[in-house]
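Novice: Sending over a structure as structure tokens; questions will come in a sec.
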Amino acid sequence: MKDSGRYEPYSYFQLMEVSLRELLVEKGVVSEDAIAGAMAAMRARGPERGAAMVARAWLDPAYKARMLANGTDAAEELGFEVPGLRLIVVENAPDTHNVIVCTLCSCYPRMLLGIPPEWYKSRPYRSRVVREPRKVLAEFGLKVPAKVRIRVHDSNADMRYMVLPMRPAGTDGWSEERLAALVTRDSLIGVAVPVLPKKSKTRKS
Amino acid sequence: MTVEKMGSVPLYRSGDRVRVRKAAPLGHVRTPFYIRGHAGVVERYCGAFPNPEELAQQRDGLPAQPLYRVRFRQKDVWPGYRGGAADVIEIEIFQHWIEA
């Protein structure tokens with residue numbers, strides 16, 4: 001609950017969650033520590049795993065081919081445990097840009113990208129990106145040229161999705177680790193593309 | 001026996017032209033309204049999964065339903081779509097929501 005100092009009654013689902021959790025603890029099915037630990041681990045997870053997969057794909061064409069054929073296997077190949085995940089990786093190209101949404105709720109490959117951002121779960125994003133993707137992407141600061149085809153992927157059932165962005169120019173010879181640092185959460189959802197950090201300008205005078 | 005083996009037989013293949021049923025049953029339906037009644041092309045077969053409409057009723061969802069990714073042209077889906085003619089929306093459709 002918000003720490004506003006004001007009393008706010010539990011909502012129906014909050015009450016159900018608290019009741020269920022307290023019962024499970026009381027009956028010894030799970031401990032408070034285990035719940036707190038799982039929540040901390042979930043909060044700590046970011047997009048690093050997805051970024052590592054992309055960096056590997058940029059450097060290793062055979063891995064990239066395996067990743068596009070079966071995303072789940074490719075995640076496990078790098079040692080990431082993704083129980084139950086059915087991952088489809090979609091590849092950006094000079095003539096194609098991909099963007100992911102779940103119009104029905106907020107399906108997202110949390111095992112690889114962490115907790116989804118608030119906007120991903122918001123009604124405006126979910127309802128607008130399917131019908132006016134170019135406008136929504138422009139609002140994110142991404143102008144997709146008219147000649148580039150946009151593929152919107154609705155994650156509405158059992159598959160989960162991740163975008164394989166294009167490797168930015170000017171990264172020849174970069175290490176896998178350095179490449180992975182370019183891959184942001186938003187570029188894995190498809191509302192951004194990886195860009196090189198701006199060179200710090202030397203001030204004159 | 002895997003869930004997949006207990007599933008219905010997949011009737012469609014990549015490249016097949018299919019239409020989504022236009023129906024409005026009550027319940028936990030994973031086929032969004034915006035795509036019902038539209039025609040598209042099967043992009044890939046994803047495997048068979050327990051029927052979510054049955055799972056939501058505390059049943060086992062078996063036989064598992066074949067699931068496809070179907071690709072639709074945005075211009076077909078949204079009247080007055082502003083964007084490229086090649087723009088597409090791809091979405092997962094269970095076999096029982098497809099009419100050939």
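Please note that chains go A, B, ... in the order of the structure tokens, that every chain numbers its residues from 1, and that ligands are numbered from 1 in the order shown.
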Assign secondary structure with DSSP using the backbone only, and return the residues of chain B in alpha helix (DSSP H) as a VMD selection string.

Specialist: chain B and resid 52 to 55 74 to 77

Novice: Could you write out the selected residues, including all heavy atoms, as a PDB file, in the first residue's frame?

Specialist:
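File written: result.pdb
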```pdb
ATOM      1  N   PRO B  52      -7.663 -22.304 -22.521  1.00  0.00           N
ATOM      2  CA  PRO B  52      -7.771 -21.369 -21.398  1.00  0.00           C
ATOM      3  C   PRO B  52      -9.209 -21.124 -20.951  1.00  0.00           C
ATOM      4  O   PRO B  52      -9.448 -20.812 -19.785  1.00  0.00           O
ATOM      5  CB  PRO B  52      -7.153 -20.079 -21.947  1.00  0.00           C
ATOM      6  CG  PRO B  52      -7.196 -20.205 -23.432  1.00  0.00           C
ATOM      7  CD  PRO B  52      -7.118 -21.669 -23.722  1.00  0.00           C
ATOM      8  N   GLU B  53     -10.143 -21.288 -21.882  1.00  0.00           N
ATOM      9  CA  GLU B  53     -11.551 -21.068 -21.516  1.00  0.00           C
ATOM     10  C   GLU B  53     -12.022 -22.150 -20.551  1.00  0.00           C
ATOM     11  O   GLU B  53     -12.869 -21.913 -19.692  1.00  0.00           O
ATOM     12  CB  GLU B  53     -12.414 -21.066 -22.786  1.00  0.00           C
ATOM     13  CG  GLU B  53     -12.112 -19.869 -23.682  1.00  0.00           C
ATOM     14  CD  GLU B  53     -12.473 -20.099 -25.140  1.00  0.00           C
ATOM     15  OE1 GLU B  53     -13.523 -20.684 -25.430  1.00  0.00           O
ATOM     16  OE2 GLU B  53     -11.663 -19.682 -26.008  1.00  0.00           O
ATOM     17  N   GLU B  54     -11.453 -23.366 -20.697  1.00  0.00           N
ATOM     18  CA  GLU B  54     -11.779 -24.471 -19.806  1.00  0.00           C
ATOM     19  C   GLU B  54     -10.986 -24.357 -18.493  1.00  0.00           C
ATOM     20  O   GLU B  54     -11.516 -24.582 -17.410  1.00  0.00           O
ATOM     21  CB  GLU B  54     -11.452 -25.810 -20.498  1.00  0.00           C
ATOM     22  CG  GLU B  54     -12.339 -26.115 -21.686  1.00  0.00           C
ATOM     23  CD  GLU B  54     -13.766 -26.422 -21.227  1.00  0.00           C
ATOM     24  OE1 GLU B  54     -13.928 -27.244 -20.319  1.00  0.00           O
ATOM     25  OE2 GLU B  54     -14.700 -25.809 -21.782  1.00  0.00           O
ATOM     26  N   LEU B  55      -9.707 -23.986 -18.613  1.00  0.00           N
ATOM     27  CA  LEU B  55      -8.860 -23.848 -17.417  1.00  0.00           C
ATOM     28  C   LEU B  55      -9.487 -22.857 -16.431  1.00  0.00           C
ATOM     29  O   LEU B  55      -9.459 -23.067 -15.220  1.00  0.00           O
ATOM     30  CB  LEU B  55      -7.457 -23.357 -17.804  1.00  0.00           C
ATOM     31  CG  LEU B  55      -6.538 -24.348 -18.504  1.00  0.00           C
ATOM     32  CD1 LEU B  55      -5.209 -23.669 -18.848  1.00  0.00           C
ATOM     33  CD2 LEU B  55      -6.271 -25.582 -17.632  1.00  0.00           C
ATOM     34  N   GLN B  74      -2.632  -4.902 -41.263  1.00  0.00           N
ATOM     35  CA  GLN B  74      -3.239  -3.861 -40.428  1.00  0.00           C
ATOM     36  C   GLN B  74      -4.362  -3.151 -41.160  1.00  0.00           C
ATOM     37  O   GLN B  74      -5.369  -2.791 -40.565  1.00  0.00           O
ATOM     38  CB  GLN B  74      -2.167  -2.839 -40.011  1.00  0.00           C
ATOM     39  CG  GLN B  74      -1.181  -3.366 -38.974  1.00  0.00           C
ATOM     40  CD  GLN B  74      -1.759  -3.346 -37.561  1.00  0.00           C
ATOM     41  OE1 GLN B  74      -2.914  -3.652 -37.347  1.00  0.00           O
ATOM     42  NE2 GLN B  74      -0.926  -2.990 -36.597  1.00  0.00           N
ATOM     43  N   LYS B  75      -4.184  -2.962 -42.482  1.00  0.00           N
ATOM     44  CA  LYS B  75      -5.210  -2.256 -43.252  1.00  0.00           C
ATOM     45  C   LYS B  75      -6.523  -3.035 -43.286  1.00  0.00           C
ATOM     46  O   LYS B  75      -7.591  -2.463 -43.470  1.00  0.00           O
ATOM     47  CB  LYS B  75      -4.712  -1.985 -44.682  1.00  0.00           C
ATOM     48  CG  LYS B  75      -3.708  -0.829 -44.735  1.00  0.00           C
ATOM     49  CD  LYS B  75      -3.481  -0.365 -46.157  1.00  0.00           C
ATOM     50  CE  LYS B  75      -2.559   0.837 -46.227  1.00  0.00           C
ATOM     51  NZ  LYS B  75      -3.098   2.036 -45.572  1.00  0.00           N
ATOM     52  N   ASP B  76      -6.431  -4.387 -43.122  1.00  0.00           N
ATOM     53  CA  ASP B  76      -7.650  -5.190 -43.092  1.00  0.00           C
ATOM     54  C   ASP B  76      -8.336  -5.114 -41.731  1.00  0.00           C
ATOM     55  O   ASP B  76      -9.545  -5.293 -41.623  1.00  0.00           O
ATOM     56  CB  ASP B  76      -7.320  -6.669 -43.383  1.00  0.00           C
ATOM     57  CG  ASP B  76      -6.856  -6.880 -44.812  1.00  0.00           C
ATOM     58  OD1 ASP B  76      -7.112  -5.990 -45.657  1.00  0.00           O
ATOM     59  OD2 ASP B  76      -6.225  -7.922 -45.074  1.00  0.00           O
ATOM     60  N   VAL B  77      -7.525  -4.894 -40.692  1.00  0.00           N
ATOM     61  CA  VAL B  77      -8.058  -4.968 -39.331  1.00  0.00           C
ATOM     62  C   VAL B  77      -8.664  -3.649 -38.871  1.00  0.00           C
ATOM     63  O   VAL B  77      -9.711  -3.633 -38.228  1.00  0.00           O
ATOM     64  CB  VAL B  77      -6.956  -5.424 -38.346  1.00  0.00           C
ATOM     65  CG1 VAL B  77      -7.468  -5.431 -36.905  1.00  0.00           C
ATOM     66  CG2 VAL B  77      -6.434  -6.816 -38.720  1.00  0.00           C
TER      67      VAL B  77
END
```

Novice: Within 10 Å of chain A, which residues of chain B come that close, and what is the closest atom pair and distance in Å for each? Count only C-alpha atoms and give it as a Markdown table.

Specialist:
```
| residue | atom | partner | partner_atom | distance |
| --- | --- | --- | --- | --- |
| B:Val29 | CA | A:Leu104 | CA | 9.5 |
| B:Arg30 | CA | A:Ala157 | CA | 6.1 |
| B:Thr31 | CA | A:Asn156 | CA | 7.4 |
| B:Pro32 | CA | A:Leu104 | CA | 7.0 |
| B:Phe33 | CA | A:Leu104 | CA | 10.0 |
| B:Tyr34 | CA | A:Val130 | CA | 9.6 |
| B:Cys46 | CA | A:Met159 | CA | 8.0 |
| B:Gly47 | CA | A:Asp158 | CA | 9.7 |
| B:Ala48 | CA | A:Asp158 | CA | 9.6 |
| B:Phe49 | CA | A:Asp158 | CA | 7.6 |
| B:Pro50 | CA | A:Asp158 | CA | 9.7 |
| B:Pro52 | CA | A:Ala157 | CA | 8.5 |
| B:Leu67 | CA | A:Asp158 | CA | 8.4 |
| B:Tyr68 | CA | A:Ala157 | CA | 9.9 |
| B:Arg69 | CA | A:Met159 | CA | 9.3 |
| B:Val70 | CA | A:His153 | CA | 10.0 |
| B:Arg71 | CA | A:Arg151 | CA | 9.0 |
| B:Phe72 | CA | A:Arg151 | CA | 9.7 |
| B:Arg73 | CA | A:Arg151 | CA | 9.5 |
| B:Gln74 | CA | A:Arg131 | CA | 7.6 |
| B:Lys75 | CA | A:Arg131 | CA | 9.6 |
| B:Val77 | CA | A:Arg131 | CA | 8.5 |
| B:Trp78 | CA | A:Arg131 | CA | 6.7 |
| B:Pro79 | CA | A:Arg131 | CA | 9.6 |
| B:Gly80 | CA | A:Arg131 | CA | 9.9 |
| B:Tyr81 | CA | A:Arg131 | CA | 7.2 |
| B:Arg82 | CA | A:Glu132 | CA | 7.0 |
| B:Gly83 | CA | A:Arg134 | CA | 6.9 |
| B:Gly84 | CA | A:Ala146 | CA | 6.1 |
| B:Ala85 | CA | A:Arg149 | CA | 8.2 |
| B:Ala86 | CA | A:Arg149 | CA | 5.6 |
| B:Asp87 | CA | A:Ile150 | CA | 4.8 |
| B:Val88 | CA | A:Arg151 | CA | 5.0 |
| B:Ile89 | CA | A:Val152 | CA | 4.7 |
| B:Glu90 | CA | A:His153 | CA | 4.9 |
| B:Ile91 | CA | A:Asp154 | CA | 4.9 |
| B:Glu92 | CA | A:Ala157 | CA | 6.0 |
| B:Ile93 | CA | A:Ala157 | CA | 7.8 |
| B:Phe94 | CA | A:Ala157 | CA | 8.6 |
```

Novice: Extract, using only C-alpha atoms, all DNA, RNA and protein residues at most 10 Å from segment 33-50 of chain A, discarding same-chain residues fewer than 2 positions from it, and format them as a ChimeraX atom specification.

Specialist: /A:21,25,30-31,52-55,75,78-80,109-116,162-164,180-181,183-186,188

Novice: Go through chain A and collect every residue that DSSP, computed from the backbone, puts in strand (DSSP E); the answer should be as number ranges by chain.

Specialist: A: 87-91, 96-101, 149-154, 160-164

Novice: I'd like the interatomic distance between atom CA of Arg167 of chain A and atom CA of Ala69 of chain A, to a tenth of an Å.

Specialist: 19.3 Å
